[in-house]
Each structure stands twice: as C-alpha cells, then as structure tokens.
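model-v5.csv follows; it contains CSV, C-alpha atoms.
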```csv
chain,number,residue,atom,x,y,z
A,19,MET,CA,15.2,9.5,29.1
A,20,SER,CA,11.6,8.7,29.3
A,21,LEU,CA,10.1,5.6,27.7
A,22,ALA,CA,8.2,7.6,25.1
A,23,GLY,CA,11.4,9.4,24.2
A,24,MET,CA,13.2,6.1,23.8
A,25,VAL,CA,10.4,4.8,21.6
A,26,ILE,CA,10.6,7.9,19.4
A,27,LEU,CA,14.4,7.7,19.2
A,28,VAL,CA,14.3,4.0,18.1
A,29,ALA,CA,11.6,4.7,15.6
A,30,VAL,CA,13.6,7.6,14.1
A,31,CYS,CA,16.8,5.5,14.0
A,32,THR,CA,15.1,2.5,12.4
A,33,ALA,CA,12.9,4.4,9.9
A,34,SER,CA,13.8,3.0,6.4
A,35,PRO,CA,14.6,5.6,3.7
A,36,GLY,CA,12.1,6.0,0.9
A,37,GLU,CA,12.0,3.2,-1.6
A,38,GLU,CA,14.2,3.4,-4.7
A,39,VAL,CA,12.4,3.9,-7.9
A,40,PRO,CA,14.4,3.1,-11.0
A,41,ILE,CA,13.6,5.5,-13.9
A,42,SER,CA,15.0,5.6,-17.4
A,43,LEU,CA,15.7,8.9,-19.0
A,44,TRP,CA,16.2,9.8,-22.6
A,45,ALA,CA,16.7,13.5,-23.5
A,46,MET,CA,17.3,14.4,-27.1
A,47,ASP,CA,17.5,17.3,-29.5
A,48,ALA,CA,15.0,16.9,-32.3
A,49,SER,CA,15.4,18.7,-35.6
A,50,VAL,CA,14.6,18.7,-39.3
A,51,GLU,CA,17.7,18.2,-41.4
A,52,GLY,CA,16.0,17.3,-44.7
A,53,ARG,CA,16.5,13.6,-44.5
A,54,GLY,CA,13.1,12.9,-46.0
A,55,ASP,CA,11.4,9.7,-44.8
A,56,VAL,CA,14.6,8.1,-43.4
A,57,LYS,CA,14.8,9.3,-39.8
A,58,TYR,CA,18.1,9.4,-38.0
A,59,PHE,CA,18.4,8.3,-34.3
A,60,ASP,CA,21.6,8.2,-32.2
A,61,HIS,CA,22.1,4.6,-31.3
A,62,ASP,CA,21.3,5.1,-27.6
A,63,LEU,CA,17.8,6.4,-28.6
A,64,ALA,CA,16.8,3.1,-30.1
A,65,PRO,CA,14.4,2.1,-27.3
A,66,ILE,CA,12.3,5.3,-27.8
A,67,ARG,CA,11.9,5.3,-31.6
A,68,SER,CA,8.3,4.3,-31.4
A,69,THR,CA,7.6,6.9,-28.7
A,70,VAL,CA,8.5,9.8,-31.0
A,71,ARG,CA,6.8,8.3,-34.1
A,72,GLY,CA,4.6,10.9,-35.7
A,73,LEU,CA,6.6,13.9,-34.6
A,74,PRO,CA,7.6,16.3,-37.4
A,75,PHE,CA,11.4,15.7,-37.1
A,76,ASP,CA,13.8,13.6,-39.0
A,77,THR,CA,16.9,13.7,-36.7
A,78,TYR,CA,17.1,12.8,-33.0
A,79,ARG,CA,20.4,13.3,-31.2
A,80,SER,CA,20.8,12.2,-27.7
A,81,VAL,CA,21.5,14.9,-25.1
A,82,LYS,CA,21.4,12.7,-22.0
A,83,VAL,CA,20.5,9.1,-21.5
A,84,ALA,CA,20.6,7.7,-18.0
A,85,ARG,CA,19.2,5.3,-15.5
A,86,ILE,CA,18.2,7.2,-12.4
A,87,ARG,CA,17.4,5.8,-9.0
A,88,ALA,CA,15.0,8.3,-7.5
A,89,ILE,CA,14.0,8.0,-3.9
A,90,GLU,CA,10.4,8.0,-2.9
A,91,GLY,CA,9.5,11.2,-1.3
A,92,ALA,CA,12.7,12.9,-2.3
A,93,GLU,CA,13.4,15.2,-5.3
A,94,THR,CA,16.1,14.2,-7.7
A,95,LYS,CA,17.7,16.9,-9.8
A,96,ILE,CA,19.1,16.1,-13.2
A,97,ALA,CA,20.7,18.7,-15.4
A,98,ILE,CA,19.6,18.0,-19.0
A,99,ASN,CA,21.6,20.8,-20.7
A,100,ARG,CA,22.6,24.3,-20.1
A,101,ARG,CA,19.0,25.5,-20.4
A,102,TYR,CA,16.9,22.8,-18.7
A,103,ILE,CA,16.9,21.0,-15.4
A,104,LEU,CA,14.7,18.0,-14.6
A,105,TYR,CA,13.4,17.4,-11.1
A,106,LEU,CA,11.8,14.0,-10.3
A,107,LYS,CA,10.0,13.2,-7.1
A,108,PRO,CA,8.3,9.8,-6.7
A,109,LEU,CA,5.3,10.5,-4.4
A,110,GLU,CA,3.6,7.1,-3.7
A,111,LYS,CA,2.6,3.8,-5.1
A,112,THR,CA,-1.2,3.6,-5.6
A,113,HIS,CA,-3.6,0.7,-5.0
A,114,LYS,CA,-3.7,0.4,-8.8
A,115,ASP,CA,0.0,-0.5,-8.8
A,116,THR,CA,0.8,2.9,-10.4
A,117,LEU,CA,3.4,5.3,-9.3
A,118,ARG,CA,2.5,9.0,-8.6
A,119,LEU,CA,5.3,11.2,-9.7
A,120,SER,CA,5.9,14.9,-9.4
A,121,ILE,CA,8.0,16.0,-12.4
A,122,ARG,CA,9.3,19.5,-13.1
A,123,VAL,CA,11.3,20.8,-16.0
A,124,GLU,CA,13.0,24.1,-15.0
A,125,LYS,CA,14.1,26.5,-17.6
A,126,LEU,CA,17.2,28.6,-16.7
A,127,PRO,CA,17.4,32.2,-17.6
A,128,GLU,CA,19.6,33.3,-20.5
A,129,LYS,CA,22.8,35.1,-19.8
A,130,PRO,CA,23.4,37.9,-19.0
A,131,TYR,CA,21.2,37.6,-16.0
A,132,GLY,CA,19.1,40.6,-15.2
A,133,ARG,CA,18.1,41.7,-11.7
A,134,ASN,CA,14.9,39.7,-11.6
A,135,THR,CA,15.9,36.8,-13.8
A,136,LYS,CA,15.3,33.4,-12.1
A,137,PRO,CA,14.5,29.9,-13.2
A,138,VAL,CA,10.9,29.2,-14.1
A,139,ASN,CA,9.0,25.9,-14.4
A,140,ALA,CA,8.5,25.1,-18.0
A,141,PHE,CA,6.5,22.1,-16.9
A,142,SER,CA,5.2,21.2,-13.5
A,143,THR,CA,3.4,17.9,-13.6
A,144,ARG,CA,1.8,15.3,-11.4
A,145,VAL,CA,1.2,12.1,-13.1
A,146,GLU,CA,0.4,8.4,-12.4
A,147,LEU,CA,2.5,6.0,-14.4
A,148,LYS,CA,2.1,2.2,-14.7
A,149,PRO,CA,5.3,0.2,-14.6
A,150,GLY,CA,6.9,0.3,-18.0
A,151,GLN,CA,4.8,3.2,-19.2
A,152,LYS,CA,6.6,6.2,-20.8
A,153,ILE,CA,6.0,9.9,-20.4
A,154,LYS,CA,7.2,12.3,-23.1
A,155,PHE,CA,7.8,16.1,-22.7
A,156,GLN,CA,7.9,17.9,-26.0
A,157,GLY,CA,7.9,21.5,-27.2
A,158,LEU,CA,10.9,22.7,-25.2
A,159,LYS,CA,12.8,25.1,-27.4
A,160,ASN,CA,16.6,24.6,-27.5
A,161,GLY,CA,18.0,27.0,-30.0
A,162,ASP,CA,16.8,25.9,-33.5
A,163,LYS,CA,16.1,22.4,-32.1
A,164,GLU,CA,13.4,21.1,-29.8
A,165,LEU,CA,14.3,19.3,-26.6
A,166,ILE,CA,12.3,16.1,-26.0
A,167,ILE,CA,12.5,14.3,-22.7
A,168,ILE,CA,11.2,10.8,-22.2
A,169,LEU,CA,10.9,9.0,-18.8
A,170,GLN,CA,10.0,5.4,-18.1
A,171,VAL,CA,9.3,3.9,-14.7
A,172,ARG,CA,10.9,0.5,-14.4
B,15,MET,CA,-64.5,-56.6,-7.9
B,16,ILE,CA,-66.6,-58.9,-10.1
B,17,MET,CA,-69.0,-61.2,-8.2
B,18,LYS,CA,-71.1,-64.0,-9.6
B,19,GLN,CA,-74.8,-63.3,-9.5
B,20,CYS,CA,-77.4,-65.5,-7.8
B,21,ARG,CA,-81.2,-65.0,-8.1
B,22,TYR,CA,-81.3,-64.3,-4.4
B,23,THR,CA,-78.5,-61.7,-4.4
B,24,SER,CA,-80.9,-58.7,-4.8
B,25,GLN,CA,-83.0,-60.0,-1.9
B,26,ILE,CA,-79.9,-60.3,0.2
B,27,GLU,CA,-78.9,-56.7,-0.6
B,28,ALA,CA,-82.5,-55.5,0.2
B,29,VAL,CA,-82.5,-57.3,3.6
B,30,PHE,CA,-79.0,-55.9,4.3
B,31,ASP,CA,-80.2,-52.3,3.6
B,32,GLY,CA,-83.4,-52.9,5.7
B,33,GLU,CA,-85.7,-52.6,2.8
B,34,GLN,CA,-87.3,-55.9,3.5
B,35,LYS,CA,-87.3,-58.5,6.2
B,36,GLY,CA,-85.4,-61.8,6.0
B,37,THR,CA,-87.2,-65.1,5.5
B,38,PRO,CA,-86.3,-68.6,6.7
B,39,GLU,CA,-86.0,-69.6,3.1
B,40,LEU,CA,-83.4,-66.8,2.5
B,41,GLU,CA,-81.6,-67.8,5.7
B,42,ARG,CA,-81.3,-71.4,4.5
B,43,HIS,CA,-80.1,-70.2,1.1
B,44,LEU,CA,-77.4,-68.1,2.6
B,45,GLU,CA,-76.1,-71.1,4.4
B,46,THR,CA,-75.7,-73.1,1.2
B,47,CYS,CA,-75.0,-70.4,-1.5
B,48,PRO,CA,-71.4,-69.3,-1.6
B,49,VAL,CA,-72.2,-66.4,-3.9
B,50,CYS,CA,-74.8,-64.9,-1.6
B,51,SER,CA,-72.8,-65.4,1.6
B,52,ALA,CA,-69.8,-63.8,-0.2
B,53,THR,CA,-72.0,-60.8,-1.2
B,54,LEU,CA,-73.3,-60.4,2.3
B,55,ALA,CA,-69.7,-60.5,3.7
B,56,PHE,CA,-68.6,-58.0,1.2
B,57,LEU,CA,-71.5,-55.6,2.1
B,58,LYS,CA,-70.7,-55.9,5.8
B,59,GLN,CA,-67.0,-55.2,5.1
B,60,LEU,CA,-67.9,-52.2,3.0
B,61,ARG,CA,-70.2,-50.7,5.7
B,62,GLU,CA,-67.5,-51.3,8.3
B,63,GLY,CA,-65.0,-49.4,6.2
B,64,VAL,CA,-67.2,-46.5,5.5
B,65,LYS,CA,-67.7,-46.0,9.3
B,66,HIS,CA,-64.0,-45.2,9.5
B,67,ILE,CA,-64.0,-42.4,6.8
B,68,PRO,CA,-63.7,-39.1,8.6
B,69,HIS,CA,-66.7,-36.9,8.1
B,70,PRO,CA,-66.6,-33.1,8.1
B,71,GLU,CA,-68.3,-31.5,11.0
B,72,PRO,CA,-71.6,-30.1,9.8
B,73,VAL,CA,-72.3,-26.6,10.7
B,74,ALA,CA,-75.1,-27.0,13.1
B,75,ASP,CA,-77.7,-24.3,13.5
B,76,PRO,CA,-76.5,-23.2,16.9
B,77,GLN,CA,-73.0,-22.8,15.4
B,78,PHE,CA,-74.1,-20.8,12.4
B,79,PRO,CA,-74.1,-17.3,14.1
B,80,ALA,CA,-70.6,-17.9,15.3
B,81,PHE,CA,-69.6,-19.0,11.9
B,82,MET,CA,-71.0,-15.9,10.3
B,83,ALA,CA,-69.4,-13.7,13.0
B,84,GLY,CA,-66.0,-15.2,12.0
B,85,VAL,CA,-66.7,-14.4,8.3
B,86,ARG,CA,-67.7,-10.8,9.2
B,87,GLU,CA,-64.6,-10.4,11.4
B,88,ALA,CA,-62.4,-11.5,8.5
B,89,LEU,CA,-64.1,-9.0,6.2
B,90,ASP,CA,-63.9,-6.1,8.6
B,91,THR,CA,-60.2,-6.6,9.5
B,92,PRO,CA,-58.2,-3.7,8.2
B,93,ASP,CA,-56.1,-4.3,5.1
B,94,ARG,CA,-52.6,-5.1,6.0
B,95,ARG,CA,-51.1,-3.6,2.8
B,96,PRO,CA,-48.9,-0.5,3.6
B,97,ARG,CA,-50.7,2.8,3.6
B,98,GLY,CA,-49.7,6.3,4.2
B,99,PHE,CA,-46.1,7.1,4.8
B,100,LEU,CA,-45.0,3.5,4.4
B,101,ALA,CA,-46.7,3.2,1.1
B,102,VAL,CA,-45.2,6.4,-0.2
B,103,ALA,CA,-41.7,5.4,1.0
B,104,SER,CA,-42.0,2.1,-0.7
B,105,LEU,CA,-43.2,3.7,-3.9
B,106,MET,CA,-40.4,6.2,-3.9
B,107,THR,CA,-37.8,3.5,-3.3
B,108,ALA,CA,-39.2,1.4,-6.1
B,109,ALA,CA,-39.1,4.5,-8.4
B,110,MET,CA,-35.5,5.3,-7.4
B,111,VAL,CA,-34.5,1.7,-8.2
B,112,VAL,CA,-36.2,1.8,-11.6
B,113,ALA,CA,-34.7,5.2,-12.3
B,114,LEU,CA,-31.2,4.1,-11.3
B,115,ALA,CA,-31.4,0.9,-13.4
B,116,THR,CA,-32.6,3.0,-16.4
B,117,PHE,CA,-29.8,5.5,-15.9
B,118,VAL,CA,-27.2,2.7,-15.8
B,119,MET,CA,-28.6,1.0,-18.9
B,120,ILE,CA,-28.7,4.3,-20.9
B,121,LYS,CA,-25.3,5.4,-19.7
B,122,GLY,CA,-23.8,2.1,-20.5
B,123,GLY,CA,-22.0,1.5,-17.2
B,124,PRO,CA,-19.2,3.4,-15.5
B,125,ASP,CA,-16.5,5.2,-17.5
B,126,PRO,CA,-13.5,3.1,-18.1
B,127,VAL,CA,-10.8,3.5,-15.5
B,128,ARG,CA,-8.0,5.7,-16.8
B,129,ALA,CA,-4.6,4.3,-16.1
B,130,THR,CA,-3.2,7.8,-15.9
B,131,GLU,CA,-4.1,11.0,-14.0
B,132,VAL,CA,-2.2,14.0,-15.2
B,133,GLU,CA,-1.9,17.6,-13.8
B,134,VAL,CA,0.3,19.9,-15.8
B,135,SER,CA,1.0,23.6,-15.6
B,136,THR,CA,3.7,26.1,-16.7
B,137,ASP,CA,5.2,29.2,-15.3
B,138,ILE,CA,6.4,30.5,-18.6
B,139,GLU,CA,4.4,33.6,-19.6
B,140,GLY,CA,2.4,33.2,-22.7
B,141,ALA,CA,3.0,29.5,-23.0
B,142,GLU,CA,0.3,26.8,-23.3
B,143,VAL,CA,0.6,23.3,-21.9
B,144,GLY,CA,-1.5,20.2,-22.3
B,145,TRP,CA,-1.3,16.4,-22.4
B,146,TYR,CA,-2.7,13.4,-24.2
B,147,ASP,CA,-2.5,9.6,-24.2
B,148,SER,CA,-0.6,8.3,-27.1
B,149,GLU,CA,-1.4,5.2,-29.1
B,150,ASP,CA,1.6,3.3,-27.7
B,151,ASP,CA,0.3,3.8,-24.1
B,152,SER,CA,2.7,6.6,-23.4
B,153,ILE,CA,1.7,10.0,-22.1
B,154,THR,CA,2.7,13.1,-23.9
B,155,ILE,CA,3.0,16.5,-22.2
B,156,TRP,CA,3.4,19.3,-24.6
B,157,ILE,CA,4.2,23.0,-24.3
B,158,ASN,CA,3.7,25.7,-26.9
B,159,MET,CA,6.3,28.4,-26.2
B,160,ALA,CA,6.3,31.8,-27.7
B,161,GLU,CA,8.8,32.2,-30.6
B,162,ASP,CA,10.9,34.9,-28.8
B,163,ASP,CA,10.9,33.0,-25.5
B,164,LEU,CA,14.5,32.2,-25.9
```

Encoding of this model in structure tokens:
Amino acid sequence: MSLAGMVILVAVCTASPGEEVPISLWAMDASVEGRGDVKYFDHDLAPIRSTVRGLPFDTYRSVKVARIRAIEGAETKIAINRRYILYLKPLEKTHKDTLRLSIRVEKLPEKPYGRNTKPVNAFSTRVELKPGQKIKFQGLKNGDKELIIILQVR
Amino acid sequence: MIMKQCRYTSQIEAVFDGEQKGTPELERHLETCPVCSATLAFLKQLREGVKHIPHPEPVADPQFPAFMAGVREALDTPDRRPRGFLAVASLMTAAMVVALATFVMIKGGPDPVRATEVEVSTDIEGAEVGWYDSEDDSITIWINMAEDDL
C-alpha cells in the first residue's frame, strides 16, 4: 500500500462522526373544546405554554414529547403520528453561535393509496436557531384538530 | 540703572561720543570724581556690549539683482497644488466620502443583525407557507392548507 493510501485510510478510520445536537420536541394536537379562557395543557406540555400563547385554541394534548440526539450532517426521522413525519438534519454551527438546521415535515398520503400517491413535504425549512430558541410549526391539519410541532435546540 | 549726576557728566558723555575734545581739567576731574568715572566706565561697557549684537547683513547694491532674481524665481515657480487628473481624483474622493457619510447618517446605520435566517417552502398543492418572529424570541412557521386537503 502506498503512503498516500495509508494516510487516506488512517484519515477515514479516525474521522469523528458528526457532533450530537440535543433537540427537544413537543408535538401536540390543538383544538377548541369550549373551555373559555381557561386553557388546558397536558402536563408534559408545560414548558411550551408561553410559545403557543395567542393561538385560537383552548386545549393542547400531547402527541409526542421527546429529547432527540440528532447528528450533525445526518437526517433524523421522527414519526409524529400516522399522518406526519418529522425529519431533522443539523447542518452546521455558524460563527454567530447559531445552528443551521434543515427541517422537513412530511405528510403521508391517506389510505387507500392511489397509483401516484406519495408523501409530500408539508414544510421544508432551513433555519438558524440560537441555543435555547424555539421554532414552532403550526397549521398542519390533523382531522378536526391542528397539529403543532415545537422544537428547541439545547 | 540710576546714576548720580555731576555737572561734568554731560561733558564726559560728549567727549566719549567724540562731539568735543577732552580738556586737562576734565581729565583731572575724572580722576577725582567717582560719579563721572563710573559714567565713563558704564558707557565703555555699553559700547563693548553693542559690538557683540549680531547685525543683519545689509543687502548691498551689488547683491540686489540677485535678491530680486530670487524673488522672481519664487513667484514664477509653478503652483504645487494638484491640478488636472490628480485634482479631479481628489475632488471625487472627497465627494464620495461626504456622500457616504451623509448616506450612513440618513440611513441610521446598518440594519440590526437578525438572529434567524429562515427559508420555508411546501410541496402541498394550493397551500401557503410563511414565517415570523414571535415576541418570545421563538420562530413560527405556518401553513395554510386547503380545507379538503385531508
């Protein structure tokens, strides 16, 4: 084996995987159940009460709450419910100490599947987030409710 | 310096300046009068001091043409202020600096740096997407889907 080949082999073997990026996820169904001014939140949605303030719903029920360890440069797939899948891909840390993220929310086709039915991107987003900053996706229909997804980079 | 006066003092000064000749009587007086001998000593010291004061060189007649030639040369030397291309370039640079300063003052400085840069799109037909910064520093991405989408 040539010296150059050995160098390349060593470089490949010692290349560290992408950095882990801890991300918090809250996915919830939002609806109006006639509660008036007293809003209801499932207990595990307490950290995001202020983030949904002002939305026209009075009931928030958790669909998925998780702590994800996404890998920089790799796409992480998270099934939210039977209709939506979330894809996260941390891209890079910027000189401003923000994290560039590629986020997709894929909507699955309704059964029965037709010949040309396939998943489509409900959202396809590239965003820069500061540590601790939240991003909220709203407007995703989920039956008579609305699916709201909130992410926070730790 | 205040000196006492003697009636011979004026004669001593006149003899010292060469206005009149000295007399034996005046010589004898000088030997006995401390005021007049002090006056004479003072005048001699003063004249000796004046000799050492530097005097400006007078412009003598033979030097005058050369002096005037120097003056004319100074007057005829071309102005060293920038002319032509250099002057225009300087003027344009100054104008650009003034314009830039005015622009910055009117504009009120650079736009505040946004903490977030967002690109968002959707593949759902007929849906609209957008985003905004919320008051709590979070980012909201919204979609407006058609009613019959599901």

Check the smallest atom-to-atom distance from each of B:Asn158, B:Gly63, B:Val134, B:Glu149 to Ser120 in chain A using all atoms listed in the file, then report the winner. B:Val134

Residues of chain B that approach chain A to 10 Å or less, counting all atoms listed in the file: could you list each one with the shortest pair of atoms and its distance in Å to one decimal, rows by chain and increasing residue number, as CSV?
```
residue,atom,partner,partner_atom,distance
B:Arg128,CA,A:Glu146,CA,9.9
B:Ala129,CA,A:Lys148,CA,7.2
B:Thr130,CA,A:Glu146,CA,5.1
B:Glu131,CA,A:Glu146,CA,5.4
B:Val132,CA,A:Val145,CA,4.4
B:Glu133,CA,A:Arg144,CA,5.0
B:Val134,CA,A:Thr143,CA,4.3
B:Ser135,CA,A:Ser142,CA,5.3
B:Thr136,CA,A:Phe141,CA,4.9
B:Asp137,CA,A:Asn139,CA,5.1
B:Ile138,CA,A:Ala140,CA,5.8
B:Glu139,CA,A:Ala140,CA,9.6
B:Ala141,CA,A:Ala140,CA,8.6
B:Glu142,CA,A:Ala140,CA,9.9
B:Val143,CA,A:Phe141,CA,7.8
B:Gly144,CA,A:Phe141,CA,9.8
B:Trp145,CA,A:Phe155,CA,9.1
B:Asp147,CA,A:Ile153,CA,9.3
B:Ser148,CA,A:Thr69,CA,8.5
B:Glu149,CA,A:Thr69,CA,9.2
B:Asp150,CA,A:Thr69,CA,7.1
B:Asp151,CA,A:Gln151,CA,6.7
B:Ser152,CA,A:Lys152,CA,4.7
B:Ile153,CA,A:Ile153,CA,4.6
B:Thr154,CA,A:Lys154,CA,4.6
B:Ile155,CA,A:Phe155,CA,4.8
B:Trp156,CA,A:Gln156,CA,4.9
B:Ile157,CA,A:Gly157,CA,4.9
B:Asn158,CA,A:Gly157,CA,5.9
B:Met159,CA,A:Gly157,CA,7.2
B:Ala160,CA,A:Lys159,CA,9.3
B:Glu161,CA,A:Lys159,CA,8.8
B:Asp163,CA,A:Lys159,CA,8.3
B:Leu164,CA,A:Lys159,CA,7.5
```

Just write the chosen residues, C-alpha atoms, as an mmCIF file, keeping the file's coordinate frame.
```cif
data_model
loop_
_atom_site.group_PDB
_atom_site.id
_atom_site.type_symbol
_atom_site.label_atom_id
_atom_site.label_comp_id
_atom_site.auth_asym_id
_atom_site.auth_seq_id
_atom_site.Cartn_x
_atom_site.Cartn_y
_atom_site.Cartn_z
ATOM 1 C CA ARG B 128 -8.000 5.700 -16.800
ATOM 2 C CA ALA B 129 -4.600 4.300 -16.100
ATOM 3 C CA THR B 130 -3.200 7.800 -15.900
ATOM 4 C CA GLU B 131 -4.100 11.000 -14.000
ATOM 5 C CA VAL B 132 -2.200 14.000 -15.200
ATOM 6 C CA GLU B 133 -1.900 17.600 -13.800
ATOM 7 C CA VAL B 134 0.300 19.900 -15.800
ATOM 8 C CA SER B 135 1.000 23.600 -15.600
ATOM 9 C CA THR B 136 3.700 26.100 -16.700
ATOM 10 C CA ASP B 137 5.200 29.200 -15.300
ATOM 11 C CA ILE B 138 6.400 30.500 -18.600
ATOM 12 C CA GLU B 139 4.400 33.600 -19.600
ATOM 13 C CA ALA B 141 3.000 29.500 -23.000
ATOM 14 C CA GLU B 142 0.300 26.800 -23.300
ATOM 15 C CA VAL B 143 0.600 23.300 -21.900
ATOM 16 C CA GLY B 144 -1.500 20.200 -22.300
ATOM 17 C CA TRP B 145 -1.300 16.400 -22.400
ATOM 18 C CA ASP B 147 -2.500 9.600 -24.200
ATOM 19 C CA SER B 148 -0.600 8.300 -27.100
ATOM 20 C CA GLU B 149 -1.400 5.200 -29.100
ATOM 21 C CA ASP B 150 1.600 3.300 -27.700
ATOM 22 C CA ASP B 151 0.300 3.800 -24.100
ATOM 23 C CA SER B 152 2.700 6.600 -23.400
ATOM 24 C CA ILE B 153 1.700 10.000 -22.100
ATOM 25 C CA THR B 154 2.700 13.100 -23.900
ATOM 26 C CA ILE B 155 3.000 16.500 -22.200
ATOM 27 C CA TRP B 156 3.400 19.300 -24.600
ATOM 28 C CA ILE B 157 4.200 23.000 -24.300
ATOM 29 C CA ASN B 158 3.700 25.700 -26.900
ATOM 30 C CA MET B 159 6.300 28.400 -26.200
ATOM 31 C CA ALA B 160 6.300 31.800 -27.700
ATOM 32 C CA GLU B 161 8.800 32.200 -30.600
ATOM 33 C CA ASP B 163 10.900 33.000 -25.500
ATOM 34 C CA LEU B 164 14.500 32.200 -25.900
#
```

With distances taken over all atoms listed in the file, which of B:Pro76, B:Pro38, B:Pro48, B:Gly98 is nearest to Thr23 in chain B? B:Pro48

Atomic separation - CA of Val118 in chain B relative to CA of Phe99 in chain B, Å: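 The value is 28.3 Å.
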
Contacts of Val56 in chain A within 12 Å, only C-alpha atoms, excl. fewer than 6 positions in-chain, as a PyMOL selection string: chain A and resi 50+75-78

Residues within 12 Å of (-72.9, -68.2, -1.7), file coords, only C-alpha atoms, listed as a list in words: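 Those residues, ordered by chain and then number, are Met17, Lys18, Gln19, Cys20, Arg21, Tyr22, Thr23, Ile26, Leu40, Glu41, Arg42, His43, Leu44, Glu45, Thr46, Cys47, Pro48, Val49, Cys50, Ser51, Ala52, Thr53, Leu54, Ala55 and Phe56 of chain B.
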
Long-range neighbours of Leu63 in chain A as a ChimeraX atom specification, 10 Å cut-off, all atoms listed in the file, 2 positions minimum in chain: /A:44-46,58-61,65-67,78-83

Quick one: everything within 6 Å of Arg87 in chain A, counting only C-alpha atoms, minus sequence neighbours fewer than 6 positions away in the same chain. Send it as a list of chain:residue names.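 My list of contacting residues is A:Glu38, A:Val39, A:Pro40.
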
For the atom pair CA of Val171 in chain A and CA of Thr112 in chain A, what is the interatomic distance in Å to one decimal place? 13.9 Å

Interatomic distance between CA of Asp47 in chain A and CA of Arg172 in chain A? 23.5 Å
